[in-house]
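Written out below as structure tokens is the structure these notes cover.
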Amino acid sequence: MNLNRRDVLAATSAAALGSLASGSLKAGENRTSTPKQARVRFCLNTSTIREKKLGLNVIVDLAAEVGYEGIEPWIREIDIYKKSGKSLSDLKKKIADHGMRVESAIGFARWVSDDDAEREKGLEQMKRDMDLVHQIGGTHIAAPPVGMHGKDAPEIDLLAAAKRYHTILDLGRETGVTPQVEIWGPSKNLSRLGEAVFVAVESGHPDACILPDVYHIYRGGSAFDGLGLINGAAIHCFHFNDYPATPPRLEMNDSHRVYPGDGVAPWKEIIGMLNAIGFSGAASLELFNKDYWKQDPKEVLEIGLKKMKAVFADHS
């Protein structure tokens, strides 16, 4: 059975009320009206200061000094650290000594590819990446639609994607690192919130979860209101950023991301949804802004943390 996007969007509302559902609402209740407050940990995705090439040990110290509670490194950075002769167990201890957590990690294993040989290599890479994350104390890793994201990629069968996601969730059980279905807004596949939720629900796995992103939800064309259908426990990490009013949505790319609150994202709605669904995971600052890359990294981290905290404080 090959589901196209029209099928998925029609089915997602019902599917989302399965294992990822946040519960029914009372008659007339607005999803943003629940008086809960999201309990979040503030995390740094290392892409935010990537071009400074500081090294993971330096970034961890800097993030801790600024006040971040967690870090989200990229697999290639862990590789570089390891290949330099440094000990991953020492890095794990450094992170723990700072009272920080490795909330997630960014990898690019081709777990969802339609090509059997490519997918098999992707599974091997995913297992290796999970092991690296586990060695530094991490428990989660991103699972983006690499290999099925380009404009020439075929439209993916989401039921097949769900089955493949189940496979890497089983790998996660073996390694202690859970993969999160990541939304990529410009991608040919898994560009919409509903598609990621569908794959997670239909995987039929108790560890299923998604990795949303403010920019990617907007870039992919999904409404933020959809967050209200998701159980907050199904989101361990949420990428925080903002987007400007221009250029038009379909012309945006990663470099257009700005600090939370500096763009036009509907933060009252977003934070209201996260409060309502009981989100208690990591808000991870993930930016690729070339202007920020030129600036002092400590200042960038300080501004980013201040602005993440502000969007919660101002709208909770």
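Ligands are numbered from 1 in the order shown, residues from 1 within each chain, and chains are lettered A, B, ... in the order they appear in the structure tokens.
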What are the nearest atom pairs, with distances in Å to one decimal, for all residues of stretch 23-120 of chain A that come at most 10 Å from stretch 148-157 of chain A, using only C-alpha atoms, set out by chain and rising residue number as CSV?
residue,atom,partner,partner_atom,distance
A:Arg110,CA,A:Met148,CA,8.3
A:Trp111,CA,A:Met148,CA,9.7
A:Val112,CA,A:Met148,CA,7.1
A:Ser113,CA,A:Met148,CA,5.9
A:Asp114,CA,A:Ile156,CA,7.8
A:Asp115,CA,A:Met148,CA,9.9
Dump C-alpha atoms for the selected residues as a tab-separated table (two decimals), in the first residue's frame?
chain	number	residue	atom	x	y	z
A	110	ARG	CA	20.22	6.47	5.41
A	111	TRP	CA	17.79	4.34	7.39
A	112	VAL	CA	14.71	5.19	5.31
A	113	SER	CA	16.08	4.72	1.78
A	114	ASP	CA	14.09	2.65	-0.72
A	115	ASP	CA	17.36	1.14	-1.95
Quiz item: Which value, in Å to one decimal, gives the distance between atom CA of A:Val214 and atom CA of A:Gln125?
Solution: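 Atom-to-atom, atom CA of A:Val214 and atom CA of A:Gln125 are spaced 27.5 Å apart.
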Quiz item: Which parts of stretch 63-189 of chain A does DSSP call alpha helix (DSSP H) when run on the backbone here, written out as an MDAnalysis selection string?
Solution: chainID A and resid 63:66 75:83 88:97 116:135 158:175
Quiz item: Near A:Glu302, within 9 Å and counting only C-alpha atoms, which residues show up once chain neighbours fewer than 4 positions away are dropped, as number ranges by chain?
Solution: A: 63, 66-67, 297-298, 306-307
Selection above as a file: C-alpha atoms, as an mmCIF file, in the first residue's frame:
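And here's out.cif as it stands now:
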data_model
loop_
_atom_site.group_PDB
_atom_site.id
_atom_site.type_symbol
_atom_site.label_atom_id
_atom_site.label_comp_id
_atom_site.auth_asym_id
_atom_site.auth_seq_id
_atom_site.Cartn_x
_atom_site.Cartn_y
_atom_site.Cartn_z
ATOM 1 C CA ALA A 63 27.901 26.105 26.935
ATOM 2 C CA VAL A 66 26.777 30.377 29.708
ATOM 3 C CA GLY A 67 24.165 28.248 31.478
ATOM 4 C CA PRO A 297 30.585 32.437 20.106
ATOM 5 C CA LYS A 298 30.055 33.151 23.786
ATOM 6 C CA LYS A 306 18.283 34.543 26.854
ATOM 7 C CA LYS A 307 15.902 34.589 23.900
#
Self-check item: Closest of A:Ala313, A:Val146, A:Met252, A:Ile49 to A:Lys188 - atom-to-atom distances counting only C-alpha atoms
Solution: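 Comparing A:Ala313, A:Val146, A:Met252, A:Ile49 against A:Lys188, the winner is A:Val146.
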Self-check item: Spatial neighbours of A:Pro179, 12 Å, only C-alpha atoms, chain gap at least 5 places, as a ChimeraX atom specification
Solution: /A:103-109,111,123,126-127,129-130,133,138-144,164-174,200,205,207-211,234-237
Quiz item: So which bits of stretch 57-278 of chain A end up strand (DSSP E) when you DSSP the backbone, as a VMD selection string?
Solution: chain A and resid 70 to 72 101 to 102 140 to 143 178 to 182 210 to 211 237 to 240
Take the residues that were just selected and, keeping C-alpha atoms, output them as a compact mmCIF listing (two decimals), in the first residue's frame.
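In the end it all went to result-v9.txt:
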# COMPACT_ATOMS: atom_id res chain seq x y z
CA GLY A 70 22.40 20.16 27.68
CA ILE A 71 24.23 19.81 24.41
CA GLU A 72 23.29 18.36 21.03
CA ARG A 101 23.10 16.13 29.48
CA VAL A 102 23.66 14.96 25.91
CA HIS A 140 18.69 10.03 21.65
CA ILE A 141 19.71 10.63 18.04
CA ALA A 142 18.05 12.36 15.10
CA ALA A 143 16.63 10.20 12.31
CA THR A 178 16.55 6.15 20.75
CA PRO A 179 16.16 7.50 17.19
CA GLN A 180 13.71 10.39 16.71
CA VAL A 181 11.85 10.90 13.41
CA GLU A 182 13.09 14.32 12.32
CA ILE A 210 9.51 12.77 16.85
CA LEU A 211 12.02 15.62 16.59
CA CYS A 237 13.99 17.31 21.93
CA PHE A 238 12.53 20.30 20.06
CA HIS A 239 14.74 22.45 17.82
CA PHE A 240 14.25 26.11 18.64
Quiz item: Can you tell me, as an MDAnalysis selection string, what residues are no more than 10 Å from A:Ile271 when counting only C-alpha atoms, ignoring any on the same chain fewer than 2 positions away?
Solution: chainID A and resid 32 37:38 266:269 273:277 279 311:316
Quick one: write out the picked residues with N, CA and C atoms as a PDB file, in the first residue's frame?
ATOM      1  N   THR A  32      -4.905  25.473  23.498  1.00  0.00           N
ATOM      2  CA  THR A  32      -3.912  26.348  24.121  1.00  0.00           C
ATOM      3  C   THR A  32      -4.341  26.846  25.497  1.00  0.00           C
ATOM      4  N   GLN A  37       2.311  24.179  32.485  1.00  0.00           N
ATOM      5  CA  GLN A  37       3.470  24.922  32.010  1.00  0.00           C
ATOM      6  C   GLN A  37       4.544  23.927  31.613  1.00  0.00           C
ATOM      7  N   ALA A  38       5.068  24.121  30.399  1.00  0.00           N
ATOM      8  CA  ALA A  38       6.111  23.222  29.919  1.00  0.00           C
ATOM      9  C   ALA A  38       7.324  23.306  30.839  1.00  0.00           C
ATOM     10  N   PRO A 266       4.766  32.244  15.450  1.00  0.00           N
ATOM     11  CA  PRO A 266       3.685  32.534  16.396  1.00  0.00           C
ATOM     12  C   PRO A 266       3.974  31.938  17.778  1.00  0.00           C
ATOM     13  N   TRP A 267       4.817  32.598  18.549  1.00  0.00           N
ATOM     14  CA  TRP A 267       5.299  32.013  19.797  1.00  0.00           C
ATOM     15  C   TRP A 267       4.201  31.822  20.836  1.00  0.00           C
ATOM     16  N   LYS A 268       3.219  32.695  20.853  1.00  0.00           N
ATOM     17  CA  LYS A 268       2.116  32.501  21.797  1.00  0.00           C
ATOM     18  C   LYS A 268       1.430  31.170  21.538  1.00  0.00           C
ATOM     19  N   GLU A 269       1.207  30.871  20.257  1.00  0.00           N
ATOM     20  CA  GLU A 269       0.577  29.606  19.873  1.00  0.00           C
ATOM     21  C   GLU A 269       1.496  28.423  20.171  1.00  0.00           C
ATOM     22  N   MET A 273       0.792  25.560  22.977  1.00  0.00           N
ATOM     23  CA  MET A 273       0.663  24.146  22.629  1.00  0.00           C
ATOM     24  C   MET A 273       1.590  23.288  23.487  1.00  0.00           C
ATOM     25  N   LEU A 274       2.841  23.723  23.632  1.00  0.00           N
ATOM     26  CA  LEU A 274       3.791  22.931  24.414  1.00  0.00           C
ATOM     27  C   LEU A 274       3.352  22.852  25.876  1.00  0.00           C
ATOM     28  N   ASN A 275       2.802  23.933  26.393  1.00  0.00           N
ATOM     29  CA  ASN A 275       2.269  23.905  27.750  1.00  0.00           C
ATOM     30  C   ASN A 275       1.103  22.928  27.852  1.00  0.00           C
ATOM     31  N   ALA A 276       0.204  22.997  26.872  1.00  0.00           N
ATOM     32  CA  ALA A 276      -1.010  22.184  26.910  1.00  0.00           C
ATOM     33  C   ALA A 276      -0.726  20.688  26.837  1.00  0.00           C
ATOM     34  N   ILE A 277       0.298  20.314  26.062  1.00  0.00           N
ATOM     35  CA  ILE A 277       0.578  18.880  25.894  1.00  0.00           C
ATOM     36  C   ILE A 277       1.570  18.356  26.931  1.00  0.00           C
ATOM     37  N   PHE A 279       4.797  19.237  27.438  1.00  0.00           N
ATOM     38  CA  PHE A 279       6.170  19.030  26.970  1.00  0.00           C
ATOM     39  C   PHE A 279       7.154  19.262  28.109  1.00  0.00           C
ATOM     40  N   VAL A 311      10.956  33.500  25.298  1.00  0.00           N
ATOM     41  CA  VAL A 311       9.722  33.110  24.614  1.00  0.00           C
ATOM     42  C   VAL A 311       8.847  32.239  25.524  1.00  0.00           C
ATOM     43  N   PHE A 312       9.474  31.493  26.418  1.00  0.00           N
ATOM     44  CA  PHE A 312       8.685  30.737  27.390  1.00  0.00           C
ATOM     45  C   PHE A 312       8.114  31.658  28.467  1.00  0.00           C
ATOM     46  N   ALA A 313       8.952  32.543  28.989  1.00  0.00           N
ATOM     47  CA  ALA A 313       8.512  33.444  30.055  1.00  0.00           C
ATOM     48  C   ALA A 313       7.418  34.385  29.584  1.00  0.00           C
ATOM     49  N   ASP A 314       7.509  34.848  28.348  1.00  0.00           N
ATOM     50  CA  ASP A 314       6.556  35.839  27.842  1.00  0.00           C
ATOM     51  C   ASP A 314       5.229  35.232  27.431  1.00  0.00           C
ATOM     52  N   HIS A 315       5.208  33.907  27.185  1.00  0.00           N
ATOM     53  CA  HIS A 315       3.978  33.298  26.647  1.00  0.00           C
ATOM     54  C   HIS A 315       3.448  32.153  27.488  1.00  0.00           C
ATOM     55  N   SER A 316       3.994  31.945  28.687  1.00  0.00           N
ATOM     56  CA  SER A 316       3.499  30.871  29.553  1.00  0.00           C
ATOM     57  C   SER A 316       2.555  31.449  30.614  1.00  0.00           C
TER      58      SER A 316
END
Exercise. Find the residue from A:Lys82, A:Ser47, A:Gly147, A:Ser187 that sits nearest to A:Arg257; use only C-alpha atoms when measuring.
Key: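 Residue with the minimum atom-to-atom distance to A:Arg257: A:Ser47.
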